[in-house]
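*Asks:* Could you have a look at this structure, given as structure tokens, before my questions?
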Amino acid sequence: MSLKQTLFLCLLLIGIAVPGLAFSTGPVPGRTGAAADGGLTCTACHRGNNLNDGVGKLTILVRDYKPGVKQKIRVMLQHPTAARWGFQLTARLASDPTQPAGTFLPANNYLVKCFDNTFAPCNGLREFVEHTQPTTFAGQRGSASWDIEWMPPSSDVGPVVFYAAGNAANNNGTNTGDFIYTTDSTIQPQNCNLTATPRITKTRHGASLADGPFASNSMLIVDGTGFQAPAKDFIVDTLDFVDDKYPSTASCVAVEINGRRAPITYVGPEQINVQIPTTTEQGSFPVRVIANPGQTNERRSDPVNIQLADAAPAFFRLLPSDAAAAVMLDGSIAANPAQFSFAKAPKPGDTLILFATGLGFTDPVYQAGEIPTDVARLRQNAVVEWNGTALAAADVTYVGLAPYSISALYQINLKVPANARTNADNQVRLRVGSRTSPDVTLYVGR
């Protein structure tokens with residue numbers, strides 16, 4: 001499936017082999033390797049391997065900040081043999097690394113400590129965010145990550161530097177044999193200064209790529225110019241979520257549909273992928289792209305109208321082919337392996353999961369940009385046609401939202417019929433109410 005189309009410190013001593021050495025509530029502050037804190041790291045406690053030995057990797061993922069606007073930071077730690085994990089992170093002004101930058105917002109999966117080893121609020125003292133005992137992920141191998149909420153300073157304070165240390169521990173109950181890593185990352189205040197006025201040249205269905213119609217909550221592709229500078233791709237990550245929802249502003253652009261901001265999943269120089277806001281209205285509605293939204297230098301495109309219907313179903317495909325984007329229950333891509341080397345051919349009787357957008361409302365209803373966490377079945381009647389014949393209802397086990405994805409993504413679970421053409425492509429379409437999706441192909445082997 002096209003990536004653009006579809007459209008994440010001196011640390012807990014493992015065990016208590018030596019009384020008093022284990023920090024079950026996290027390490028003491030000031031062990032991130034920041035020079036302003038004396039350059040101290042976890043190697044003072046965890047011995048036996050060189051600091052930053054090159055085998056593992058510690059990464060801080062963070063976007064440039066908008067003053068006074070809450071955002072997420074992700075700390076990722078990787079090591080091929082580690083089986084327990086920990087971290088410590090601090091934020092400082094680049095102009096004076098002895099001074100904290102913003103504040104970390106406490107949560108259940110991490111702790112916020114002050115430089116004097118008390119807990120937040122720190123009232124101006126340097127702050128350190130670190131793991132809790134449950135989030136050392138004992139027994140977990142390969143990698144671990146932590147998402148942290150951070151409130152930037154209320155005004156532009158220039159660059160901000162994050163310092164972190166990580167402990168990729170062996171979970172042997174002692175403070176020997178663990179791997180310690182440090183890293184830092186500098187971000188800038190977000191400067192939205194797009195100079196071109198955006199222009200929409202075309203709107204397309206997020207799955208079929210047709211010019212309409214569209215439906216509430218479905219994915220929409222907006223093509224045009226002046227969407228981004230410099231030219232680069234911006235793929236929305238969970239780090240960009242606002243209150244656990246997809247953002248309505250990303251990479252200094254926003255999209256309005258009938259005057260309402262649309263959740264964004266991707267921004268490129270000539271393409272923006274959004275989800276149409278939730279509405280029961282149908283008819284013709286204007287779409288606008290806004291550069292530098294909410295600023296004095298805001299620039300708005302001329303409107304382009306789209307037509308909203310009660311449903312506009314279409315399957316996602318393995319572009320540029322007509323093959324459906326489908327997976328098997330073991331996670332394999334279901335397609336012709338002669339055409340797609342990474343795929344596996346399904347057989348009659350196998351259960352497949354297909355993905356679509358534009359199917360209409362579900363029960364319960366999820367608003368645009370939300371992430372469903374449970375089953376949400378389609379309200380309207382849906383019929384899957386295989387080579388022109390409706391599949392038995394018992395062979396279509398689920399039509400509804402795909403859990404833990406944006407609420408524009410639907411999944412259809414079906415069983416490959418016994419009479420499917422084998423070693424050949426089969427034609428599949430979906431009828432929702434009076435609306436029928438374009439055909440896609442599904443290759444079936446023997």
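Just remember, in the structure tokens the first chain shown is A, the second B, etc., residues are 1-based per chain, and ligands are 1-based in the order shown.
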With the cut-off set at 8 Å and counting only C-alpha atoms, tabulate each residue of stretch 296-394 of chain A with an atom at most that distance from an atom of stretch 211-233 of chain A, showing the nearest atom pair and its distance in Å to one decimal, ordered by chain and increasing number, as a tab-separated table.
*Replies:*
```
residue	atom	partner	partner_atom	distance
A:Ile306	CA	A:Gly212	CA	7.1
A:Gln307	CA	A:Pro213	CA	5.3
A:Leu308	CA	A:Phe214	CA	4.8
A:Ala309	CA	A:Ala215	CA	5.2
A:Asp310	CA	A:Ala215	CA	5.9
A:Ala311	CA	A:Ala215	CA	5.1
A:Ala312	CA	A:Phe214	CA	5.3
A:Thr357	CA	A:Ser218	CA	5.4
A:Gly358	CA	A:Ser218	CA	4.5
A:Leu359	CA	A:Ala215	CA	7.5
A:Gly360	CA	A:Ser216	CA	6.5
A:Phe361	CA	A:Ser216	CA	7.9
A:Gln367	CA	A:Asn217	CA	7.4
A:Ala368	CA	A:Asn217	CA	5.5
```
*Asks:* For A:Gly259, find every residue with an atom within 9 Å (counting only C-alpha atoms), except residues of its own chain fewer than 4 positions away, and show them as a PyMOL selection string.
*Replies:* chain A and resi 285-288
*Asks:* Pick from A:Ala314, A:Val304, A:Leu378, A:Cys114: nearest to A:Thr436, with only C-alpha atoms counted?
*Replies:*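 Closest to A:Thr436 of all the choices is A:Ala314.
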*Asks:* For a test of reading the model, state the distance in Å between atom CA of A:Pro364 and atom CA of A:Asn413, rounded to one decimal.
*Replies:*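 Atom-to-atom, atom CA of A:Pro364 and atom CA of A:Asn413 are spaced 18.6 Å apart.
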*Asks:* Have a look at A:Pro403, A:Gly86, A:Pro438, A:Gly158 and name the one nearest to A:Thr135; count only C-alpha atoms.
*Replies:*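 Closest candidate: A:Gly86.
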*Asks:* DSSP on the backbone, then: every residue of stretch 272-328 of chain A marked strand (DSSP E or B), written as a list of chain:residue names.
*Replies:* A:Ile272, A:Asn273, A:Val274, A:Gln275, A:Gly283, A:Ser284, A:Phe285, A:Pro286, A:Val287, A:Arg288, A:Val289, A:Ile290, A:Ala291, A:Arg299, A:Arg300, A:Val304, A:Asn305, A:Ile306, A:Gln307, A:Leu308, A:Ala309, A:Ala314, A:Phe315, A:Arg317, A:Ala323, A:Ala324, A:Ala326, A:Val327, A:Met328
*Asks:* Write the residues of the selection above to a file with N, CA, C and O atoms, as a short mmCIF file (atom, residue, chain, number, x, y, z; two decimals), in the first residue's frame.
*Replies:*
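In the end it all went to selection.cif:
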```cif
data_model
loop_
_atom_site.label_atom_id
_atom_site.label_comp_id
_atom_site.auth_asym_id
_atom_site.auth_seq_id
_atom_site.Cartn_x
_atom_site.Cartn_y
_atom_site.Cartn_z
N ILE A 272 -1.76 16.51 0.19
CA ILE A 272 -2.13 16.43 1.61
C ILE A 272 -3.20 15.35 1.73
O ILE A 272 -4.16 15.33 0.95
N ASN A 273 -3.03 14.45 2.71
CA ASN A 273 -4.03 13.43 2.99
C ASN A 273 -4.76 13.81 4.27
O ASN A 273 -4.12 14.02 5.32
N VAL A 274 -6.09 13.88 4.19
CA VAL A 274 -6.89 14.26 5.36
C VAL A 274 -8.07 13.32 5.50
O VAL A 274 -8.42 12.58 4.57
N GLN A 275 -8.70 13.39 6.67
CA GLN A 275 -9.96 12.69 6.89
C GLN A 275 -11.09 13.71 6.88
O GLN A 275 -11.01 14.74 7.58
N GLY A 283 -24.10 16.66 0.13
CA GLY A 283 -24.16 17.75 -0.83
C GLY A 283 -22.78 18.24 -1.20
O GLY A 283 -21.78 17.54 -1.03
N SER A 284 -22.71 19.46 -1.70
CA SER A 284 -21.47 20.05 -2.17
C SER A 284 -20.87 20.93 -1.09
O SER A 284 -21.55 21.80 -0.54
N PHE A 285 -19.57 20.70 -0.79
CA PHE A 285 -18.91 21.44 0.28
C PHE A 285 -17.53 21.92 -0.16
O PHE A 285 -16.81 21.20 -0.87
N PRO A 286 -17.14 23.14 0.26
CA PRO A 286 -15.86 23.68 -0.17
C PRO A 286 -14.69 23.13 0.64
O PRO A 286 -14.80 22.88 1.84
N VAL A 287 -13.56 22.94 -0.04
CA VAL A 287 -12.30 22.53 0.58
C VAL A 287 -11.29 23.65 0.38
O VAL A 287 -11.16 24.19 -0.72
N ARG A 288 -10.58 24.00 1.44
CA ARG A 288 -9.53 25.01 1.37
C ARG A 288 -8.28 24.50 2.07
O ARG A 288 -8.38 23.81 3.09
N VAL A 289 -7.12 24.85 1.52
CA VAL A 289 -5.84 24.59 2.19
C VAL A 289 -5.35 25.92 2.77
O VAL A 289 -5.41 26.95 2.10
N ILE A 290 -4.88 25.86 4.02
CA ILE A 290 -4.43 27.07 4.72
C ILE A 290 -2.96 26.92 5.07
O ILE A 290 -2.58 25.96 5.76
N ALA A 291 -2.14 27.84 4.60
CA ALA A 291 -0.73 27.87 4.99
C ALA A 291 -0.56 28.82 6.17
O ALA A 291 -1.25 29.84 6.28
N ARG A 299 -2.18 32.19 4.76
CA ARG A 299 -2.54 32.25 3.35
C ARG A 299 -3.55 31.14 3.06
O ARG A 299 -3.31 30.00 3.42
N ARG A 300 -4.66 31.50 2.37
CA ARG A 300 -5.72 30.54 2.09
C ARG A 300 -5.87 30.32 0.59
O ARG A 300 -5.83 31.26 -0.20
N VAL A 304 -12.29 24.62 -3.49
CA VAL A 304 -12.66 23.62 -4.49
C VAL A 304 -13.73 22.74 -3.85
O VAL A 304 -13.57 22.28 -2.72
N ASN A 305 -14.84 22.53 -4.54
CA ASN A 305 -15.96 21.80 -3.95
C ASN A 305 -15.82 20.29 -4.14
O ASN A 305 -15.34 19.82 -5.17
N ILE A 306 -16.26 19.55 -3.12
CA ILE A 306 -16.39 18.10 -3.20
C ILE A 306 -17.83 17.72 -2.91
O ILE A 306 -18.56 18.48 -2.27
N GLN A 307 -18.22 16.55 -3.38
CA GLN A 307 -19.59 16.08 -3.20
C GLN A 307 -19.61 14.97 -2.15
O GLN A 307 -18.95 13.94 -2.31
N LEU A 308 -20.36 15.18 -1.07
CA LEU A 308 -20.47 14.18 0.00
C LEU A 308 -21.75 13.38 -0.17
O LEU A 308 -22.83 13.95 -0.38
N ALA A 309 -21.63 12.05 -0.06
CA ALA A 309 -22.77 11.14 -0.11
C ALA A 309 -22.85 10.37 1.20
O ALA A 309 -22.01 10.52 2.08
N ALA A 314 -14.64 2.13 -1.09
CA ALA A 314 -13.56 1.72 -2.00
C ALA A 314 -12.50 1.00 -1.19
O ALA A 314 -12.19 1.41 -0.05
N PHE A 315 -11.95 -0.07 -1.77
CA PHE A 315 -10.87 -0.81 -1.14
C PHE A 315 -9.53 -0.12 -1.41
O PHE A 315 -9.30 0.42 -2.50
N ARG A 317 -5.61 -0.43 -2.31
CA ARG A 317 -4.95 -1.34 -3.24
C ARG A 317 -3.44 -1.31 -3.05
O ARG A 317 -2.89 -0.38 -2.44
N ALA A 323 -4.64 -4.88 -7.30
CA ALA A 323 -4.71 -5.89 -6.24
C ALA A 323 -5.12 -5.25 -4.92
O ALA A 323 -4.59 -4.21 -4.52
N ALA A 324 -6.07 -5.89 -4.25
CA ALA A 324 -6.53 -5.39 -2.95
C ALA A 324 -5.40 -5.43 -1.93
O ALA A 324 -4.57 -6.35 -1.94
N ALA A 326 -4.63 -6.62 1.16
CA ALA A 326 -5.24 -7.62 2.03
C ALA A 326 -4.15 -8.38 2.78
O ALA A 326 -3.03 -8.54 2.29
N VAL A 327 -4.49 -8.81 3.99
CA VAL A 327 -3.56 -9.60 4.78
C VAL A 327 -4.24 -10.89 5.24
O VAL A 327 -5.47 -10.96 5.35
N MET A 328 -3.40 -11.90 5.51
CA MET A 328 -3.89 -13.16 6.06
C MET A 328 -3.80 -13.09 7.58
O MET A 328 -3.21 -12.16 8.14
#
```
*Asks:* Do you know which residues are at most 7 Å from A:His46 counting only C-alpha atoms, after dropping those on the same chain fewer than 2 positions away, and could you put them as a list in words?
*Replies:*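 Once the nearby chain positions are removed, what remains is Cys42, Thr43, Ala44, Asn175, Thr176 and Asp178 of chain A.
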*Asks:* Can I get the selection written as a PDB file, in the first residue's frame, with C-alpha atoms?
*Replies:*
```
ATOM      1  CA  CYS A  42      24.544   5.502  34.637  1.00  0.00           C
ATOM      2  CA  THR A  43      27.985   3.946  34.299  1.00  0.00           C
ATOM      3  CA  ALA A  44      28.597   5.108  37.873  1.00  0.00           C
ATOM      4  CA  ASN A 175      24.271  -4.086  38.292  1.00  0.00           C
ATOM      5  CA  THR A 176      26.825  -5.757  36.026  1.00  0.00           C
ATOM      6  CA  ASP A 178      24.164  -3.836  31.431  1.00  0.00           C
TER       7      ASP A 178
END
```
*Asks:* Which value, in Å to one decimal, gives the distance between atom CA of A:Val416 and atom CA of A:Ile353?
*Replies:*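 Value for the atom CA of A:Val416-atom CA of A:Ile353 distance: 10.4 Å.
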*Asks:* Would you please give, as a VMD selection string, all residues of stretch 28-139 of chain A that DSSP assigns to helix (DSSP H, G or I) based on the backbone?
*Replies:* chain A and resid 35 to 37 42 to 44 134 to 136
*Asks:* Hey, what's within 10 Å of A:Asn108 if we count only C-alpha atoms and toss same-chain stuff fewer than 3 positions away? As a PDB file with all heavy atoms, in the first residue's frame, please?
*Replies:*
```pdb
ATOM      1  N   LEU A 111       7.850   8.873  35.638  1.00  0.00           N
ATOM      2  CA  LEU A 111       7.928   9.765  36.788  1.00  0.00           C
ATOM      3  C   LEU A 111       8.608  11.057  36.383  1.00  0.00           C
ATOM      4  O   LEU A 111       9.453  11.070  35.483  1.00  0.00           O
ATOM      5  CB  LEU A 111       8.734   9.119  37.923  1.00  0.00           C
ATOM      6  CG  LEU A 111       8.206   7.806  38.499  1.00  0.00           C
ATOM      7  CD1 LEU A 111       9.250   7.188  39.422  1.00  0.00           C
ATOM      8  CD2 LEU A 111       6.899   8.045  39.247  1.00  0.00           C
ATOM      9  N   HIS A 131      11.625   6.225  33.803  1.00  0.00           N
ATOM     10  CA  HIS A 131      10.729   5.071  33.849  1.00  0.00           C
ATOM     11  C   HIS A 131      10.173   4.827  35.253  1.00  0.00           C
ATOM     12  O   HIS A 131      10.717   5.308  36.255  1.00  0.00           O
ATOM     13  CB  HIS A 131      11.495   3.816  33.412  1.00  0.00           C
ATOM     14  CG  HIS A 131      12.650   3.514  34.316  1.00  0.00           C
ATOM     15  ND1 HIS A 131      13.914   4.010  34.101  1.00  0.00           N
ATOM     16  CD2 HIS A 131      12.729   2.787  35.464  1.00  0.00           C
ATOM     17  CE1 HIS A 131      14.717   3.603  35.068  1.00  0.00           C
ATOM     18  NE2 HIS A 131      14.022   2.855  35.917  1.00  0.00           N
ATOM     19  N   THR A 132       9.108   4.049  35.306  1.00  0.00           N
ATOM     20  CA  THR A 132       8.643   3.460  36.553  1.00  0.00           C
ATOM     21  C   THR A 132       9.046   1.987  36.550  1.00  0.00           C
ATOM     22  O   THR A 132       9.516   1.461  35.538  1.00  0.00           O
ATOM     23  CB  THR A 132       7.117   3.569  36.681  1.00  0.00           C
ATOM     24  OG1 THR A 132       6.510   2.815  35.610  1.00  0.00           O
ATOM     25  CG2 THR A 132       6.657   5.009  36.621  1.00  0.00           C
ATOM     26  N   PRO A 134       7.091  -0.753  36.498  1.00  0.00           N
ATOM     27  CA  PRO A 134       6.401  -1.546  35.466  1.00  0.00           C
ATOM     28  C   PRO A 134       6.908  -1.261  34.061  1.00  0.00           C
ATOM     29  O   PRO A 134       6.892  -2.151  33.209  1.00  0.00           O
ATOM     30  CB  PRO A 134       4.934  -1.123  35.630  1.00  0.00           C
ATOM     31  CG  PRO A 134       4.825  -0.640  37.039  1.00  0.00           C
ATOM     32  CD  PRO A 134       6.137   0.013  37.331  1.00  0.00           C
ATOM     33  N   THR A 135       7.364  -0.015  33.804  1.00  0.00           N
ATOM     34  CA  THR A 135       7.795   0.303  32.442  1.00  0.00           C
ATOM     35  C   THR A 135       9.287   0.055  32.234  1.00  0.00           C
ATOM     36  O   THR A 135       9.894   0.620  31.319  1.00  0.00           O
ATOM     37  CB  THR A 135       7.442   1.752  32.075  1.00  0.00           C
ATOM     38  OG1 THR A 135       8.068   2.664  32.982  1.00  0.00           O
ATOM     39  CG2 THR A 135       5.941   1.950  32.083  1.00  0.00           C
TER      40      THR A 135
END
```
*Asks:* Excluding A:Phe104 and its own-chain neighbours fewer than 3 positions away, which residues fall within 9 Å of it when counting only C-alpha atoms? Please give them as number ranges by chain.
*Replies:* A: 90-91, 112, 120, 127-129, 148-152
*Asks:* Can you write out the residues you just picked, keeping all heavy atoms, as an mmCIF file, in the first residue's frame?
*Replies:*
```
data_model
loop_
_atom_site.group_PDB
_atom_site.id
_atom_site.type_symbol
_atom_site.label_atom_id
_atom_site.label_comp_id
_atom_site.auth_asym_id
_atom_site.auth_seq_id
_atom_site.Cartn_x
_atom_site.Cartn_y
_atom_site.Cartn_z
ATOM 1 N N THR A 90 16.015 14.850 30.160
ATOM 2 C CA THR A 90 15.881 16.211 30.665
ATOM 3 C C THR A 90 15.861 17.176 29.491
ATOM 4 O O THR A 90 16.376 16.865 28.410
ATOM 5 C CB THR A 90 17.029 16.561 31.628
ATOM 6 O OG1 THR A 90 16.756 17.807 32.286
ATOM 7 C CG2 THR A 90 18.362 16.644 30.914
ATOM 8 N N ALA A 91 15.242 18.349 29.669
ATOM 9 C CA ALA A 91 15.136 19.372 28.621
ATOM 10 C C ALA A 91 15.778 20.654 29.122
ATOM 11 O O ALA A 91 15.476 21.112 30.235
ATOM 12 C CB ALA A 91 13.676 19.622 28.257
ATOM 13 N N VAL A 112 8.265 12.140 37.042
ATOM 14 C CA VAL A 112 8.955 13.411 36.854
ATOM 15 C C VAL A 112 9.583 13.800 38.186
ATOM 16 O O VAL A 112 8.881 13.997 39.180
ATOM 17 C CB VAL A 112 8.002 14.519 36.372
ATOM 18 C CG1 VAL A 112 8.778 15.822 36.164
ATOM 19 C CG2 VAL A 112 7.301 14.107 35.090
ATOM 20 N N ALA A 120 7.845 16.248 40.979
ATOM 21 C CA ALA A 120 7.227 17.443 40.414
ATOM 22 C C ALA A 120 5.925 17.771 41.154
ATOM 23 O O ALA A 120 5.274 16.867 41.702
ATOM 24 C CB ALA A 120 6.958 17.216 38.930
ATOM 25 N N GLU A 127 14.347 19.512 35.661
ATOM 26 C CA GLU A 127 13.434 18.369 35.709
ATOM 27 C C GLU A 127 14.026 17.173 34.979
ATOM 28 O O GLU A 127 14.740 17.318 33.989
ATOM 29 C CB GLU A 127 12.089 18.731 35.064
ATOM 30 C CG GLU A 127 11.303 19.783 35.828
ATOM 31 C CD GLU A 127 9.920 19.995 35.240
ATOM 32 O OE1 GLU A 127 9.572 19.305 34.258
ATOM 33 O OE2 GLU A 127 9.177 20.853 35.762
ATOM 34 N N PHE A 128 13.651 15.979 35.472
ATOM 35 C CA PHE A 128 14.087 14.720 34.869
ATOM 36 C C PHE A 128 12.889 13.786 34.804
ATOM 37 O O PHE A 128 12.194 13.597 35.807
ATOM 38 C CB PHE A 128 15.205 14.072 35.686
ATOM 39 C CG PHE A 128 16.427 14.933 35.796
ATOM 40 C CD1 PHE A 128 16.509 15.928 36.772
ATOM 41 C CD2 PHE A 128 17.487 14.779 34.916
ATOM 42 C CE1 PHE A 128 17.620 16.738 36.868
ATOM 43 C CE2 PHE A 128 18.612 15.579 35.006
ATOM 44 C CZ PHE A 128 18.681 16.571 35.981
ATOM 45 N N VAL A 129 12.640 13.227 33.637
ATOM 46 C CA VAL A 129 11.569 12.253 33.489
ATOM 47 C C VAL A 129 12.207 10.888 33.290
ATOM 48 O O VAL A 129 13.238 10.754 32.629
ATOM 49 C CB VAL A 129 10.629 12.623 32.322
ATOM 50 C CG1 VAL A 129 11.357 12.688 31.017
ATOM 51 C CG2 VAL A 129 9.463 11.665 32.228
ATOM 52 N N ILE A 148 6.353 10.584 26.251
ATOM 53 C CA ILE A 148 6.328 11.546 27.352
ATOM 54 C C ILE A 148 5.644 12.817 26.881
ATOM 55 O O ILE A 148 5.887 13.286 25.761
ATOM 56 C CB ILE A 148 7.771 11.861 27.815
ATOM 57 C CG1 ILE A 148 8.467 10.582 28.295
ATOM 58 C CG2 ILE A 148 7.795 12.919 28.896
ATOM 59 C CD1 ILE A 148 9.717 10.266 27.551
ATOM 60 N N GLU A 149 4.801 13.398 27.721
ATOM 61 C CA GLU A 149 4.170 14.672 27.390
ATOM 62 C C GLU A 149 5.004 15.817 27.944
ATOM 63 O O GLU A 149 5.421 15.788 29.117
ATOM 64 C CB GLU A 149 2.742 14.728 27.934
ATOM 65 C CG GLU A 149 1.780 13.817 27.182
ATOM 66 C CD GLU A 149 0.332 14.117 27.500
ATOM 67 O OE1 GLU A 149 0.053 14.556 28.639
ATOM 68 O OE2 GLU A 149 -0.521 13.923 26.622
ATOM 69 N N TRP A 150 5.241 16.796 27.098
ATOM 70 C CA TRP A 150 6.081 17.936 27.462
ATOM 71 C C TRP A 150 5.376 19.230 27.095
ATOM 72 O O TRP A 150 4.819 19.348 26.000
ATOM 73 C CB TRP A 150 7.414 17.833 26.718
ATOM 74 C CG TRP A 150 8.371 18.967 26.908
ATOM 75 C CD1 TRP A 150 8.983 19.346 28.068
ATOM 76 C CD2 TRP A 150 8.841 19.872 25.892
ATOM 77 N NE1 TRP A 150 9.810 20.425 27.837
ATOM 78 C CE2 TRP A 150 9.741 20.765 26.518
ATOM 79 C CE3 TRP A 150 8.591 19.989 24.521
ATOM 80 C CZ2 TRP A 150 10.400 21.776 25.809
ATOM 81 C CZ3 TRP A 150 9.231 20.998 23.811
ATOM 82 C CH2 TRP A 150 10.123 21.873 24.445
ATOM 83 N N MET A 151 5.381 20.183 28.015
ATOM 84 C CA MET A 151 4.831 21.508 27.753
ATOM 85 C C MET A 151 5.988 22.460 27.501
ATOM 86 O O MET A 151 6.769 22.761 28.407
ATOM 87 C CB MET A 151 3.998 22.003 28.939
ATOM 88 C CG MET A 151 3.386 23.381 28.730
ATOM 89 S SD MET A 151 2.184 23.422 27.360
ATOM 90 C CE MET A 151 0.812 22.553 28.136
ATOM 91 N N PRO A 152 6.146 22.940 26.266
ATOM 92 C CA PRO A 152 7.247 23.861 25.964
ATOM 93 C C PRO A 152 7.086 25.179 26.717
ATOM 94 O O PRO A 152 6.010 25.496 27.241
ATOM 95 C CB PRO A 152 7.125 24.070 24.455
ATOM 96 C CG PRO A 152 6.277 22.955 23.955
ATOM 97 C CD PRO A 152 5.353 22.608 25.084
#
```
*Asks:* Compare A:Val28, A:Ala424, A:Val62, A:Ile73 by their minimum atom-to-atom distance to A:Leu40, counting only C-alpha atoms, and give me the closest one.
*Replies:*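 Distance minimum relative to A:Leu40 lands on A:Val28.
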*Asks:* Write out as a short mmCIF file (atom, residue, chain, number, x, y, z; two decimals) with N, CA, C and O atoms, in the first residue's frame which residues come within 10 Å of A:Leu442 when counting only C-alpha atoms, dropping same-chain ones fewer than 3 positions away.
*Replies:*
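That gives us out32.cif:
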```cif
data_model
loop_
_atom_site.label_atom_id
_atom_site.label_comp_id
_atom_site.auth_asym_id
_atom_site.auth_seq_id
_atom_site.Cartn_x
_atom_site.Cartn_y
_atom_site.Cartn_z
N ASP A 322 -4.22 -3.21 -9.37
CA ASP A 322 -5.59 -3.28 -8.89
C ASP A 322 -5.75 -4.31 -7.77
O ASP A 322 -6.87 -4.58 -7.34
N ALA A 323 -4.64 -4.88 -7.30
CA ALA A 323 -4.71 -5.89 -6.24
C ALA A 323 -5.12 -5.25 -4.92
O ALA A 323 -4.59 -4.21 -4.52
N ALA A 324 -6.07 -5.89 -4.25
CA ALA A 324 -6.53 -5.39 -2.95
C ALA A 324 -5.40 -5.43 -1.93
O ALA A 324 -4.57 -6.35 -1.94
N ALA A 325 -5.36 -4.44 -1.07
CA ALA A 325 -4.45 -4.48 0.07
C ALA A 325 -5.09 -5.39 1.12
O ALA A 325 -6.00 -4.99 1.83
N ALA A 326 -4.63 -6.62 1.16
CA ALA A 326 -5.24 -7.62 2.03
C ALA A 326 -4.15 -8.38 2.78
O ALA A 326 -3.03 -8.54 2.29
N ALA A 334 -1.60 -10.80 1.34
CA ALA A 334 -2.30 -11.77 0.48
C ALA A 334 -2.32 -11.25 -0.95
O ALA A 334 -3.07 -10.32 -1.28
N ALA A 335 -1.47 -11.81 -1.81
CA ALA A 335 -1.39 -11.38 -3.19
C ALA A 335 -0.60 -12.42 -3.98
O ALA A 335 -0.11 -13.42 -3.42
N ASN A 336 -0.46 -12.17 -5.26
CA ASN A 336 0.27 -13.07 -6.14
C ASN A 336 1.77 -12.92 -5.89
O ASN A 336 2.34 -11.87 -6.18
N ALA A 345 0.23 -16.34 -1.44
CA ALA A 345 -1.05 -16.59 -2.09
C ALA A 345 -2.03 -17.26 -1.14
O ALA A 345 -1.73 -18.33 -0.59
N PRO A 346 -3.20 -16.67 -0.91
CA PRO A 346 -4.21 -17.34 -0.09
C PRO A 346 -4.84 -18.49 -0.86
O PRO A 346 -4.74 -18.58 -2.08
N LEU A 354 -9.38 -7.27 4.39
CA LEU A 354 -9.24 -6.22 3.40
C LEU A 354 -9.48 -4.88 4.07
O LEU A 354 -10.16 -4.80 5.11
N TRP A 386 -18.10 -11.57 -4.85
CA TRP A 386 -16.90 -12.27 -5.31
C TRP A 386 -17.19 -12.80 -6.71
O TRP A 386 -18.08 -13.63 -6.88
N VAL A 416 -12.23 -16.83 1.88
CA VAL A 416 -12.12 -17.09 0.45
C VAL A 416 -13.06 -18.25 0.11
O VAL A 416 -12.97 -19.34 0.71
N ALA A 420 -13.68 -20.19 -5.52
CA ALA A 420 -12.80 -19.14 -6.04
C ALA A 420 -11.94 -19.69 -7.17
O ALA A 420 -11.54 -20.86 -7.16
N ARG A 421 -11.65 -18.85 -8.16
CA ARG A 421 -10.74 -19.25 -9.22
C ARG A 421 -9.34 -19.37 -8.64
O ARG A 421 -8.86 -18.42 -8.00
N ALA A 424 -5.29 -17.69 -10.06
CA ALA A 424 -5.86 -16.65 -10.91
C ALA A 424 -6.37 -15.50 -10.04
O ALA A 424 -6.58 -15.65 -8.83
N ASP A 425 -6.56 -14.33 -10.68
CA ASP A 425 -7.17 -13.19 -10.01
C ASP A 425 -8.68 -13.37 -9.94
O ASP A 425 -9.30 -13.90 -10.87
N ASN A 426 -9.24 -12.92 -8.83
CA ASN A 426 -10.68 -12.91 -8.64
C ASN A 426 -11.13 -11.46 -8.45
O ASN A 426 -10.40 -10.65 -7.86
N GLN A 427 -12.33 -11.14 -8.92
CA GLN A 427 -12.86 -9.79 -8.81
C GLN A 427 -13.69 -9.67 -7.53
O GLN A 427 -14.55 -10.51 -7.26
N VAL A 428 -13.41 -8.60 -6.78
CA VAL A 428 -14.12 -8.38 -5.52
C VAL A 428 -14.61 -6.94 -5.48
O VAL A 428 -13.89 -6.01 -5.87
N ASP A 439 -14.12 -2.37 -8.54
CA ASP A 439 -13.58 -3.72 -8.40
C ASP A 439 -12.09 -3.67 -8.02
O ASP A 439 -11.34 -2.79 -8.47
N GLY A 445 -4.32 -18.91 -4.76
CA GLY A 445 -3.53 -20.05 -5.18
C GLY A 445 -4.25 -21.35 -4.92
O GLY A 445 -5.42 -21.40 -4.56
#
```
*Asks:* For A:Tyr398, which residue out of A:Glu370, A:Asn419, A:Pro80, A:Leu352 is the nearest one, using only C-alpha atoms?
*Replies:*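 Residue with the minimum atom-to-atom distance to A:Tyr398: A:Leu352.
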*Asks:* With distances taken over only C-alpha atoms, which of A:Phe115, A:Phe342, A:Trp146, A:Phe162 is nearest to A:Thr183?
*Replies:*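 Result for the nearest residue to A:Thr183: A:Phe162.
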*Asks:* Using only C-alpha atoms for the distances, tell me which of A:Ala356, A:Ala36, A:Val444, A:Val161 is nearest to A:Leu401.
*Replies:* A:Ala356
*Asks:* Report as CSV the residues of stretch 150-169 of chain A within 12 Å of stretch 47-53 of chain A, each with its shortest atom pair and distance in Å (one decimal), using only C-alpha atoms, ordered by chain and increasing residue number.
*Replies:*
```
residue,atom,partner,partner_atom,distance
A:Ala165,CA,A:Asn52,CA,9.9
A:Gly166,CA,A:Asn52,CA,9.8
A:Asn167,CA,A:Leu51,CA,10.2
A:Ala168,CA,A:Asn52,CA,10.8
A:Ala169,CA,A:Arg47,CA,10.9
```
*Asks:* Please measure the separation of atom CA of A:Asp116 and atom CA of A:Gly68, giving the value in Å to one decimal.
*Replies:*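 These two atoms are separated by 25.5 Å.
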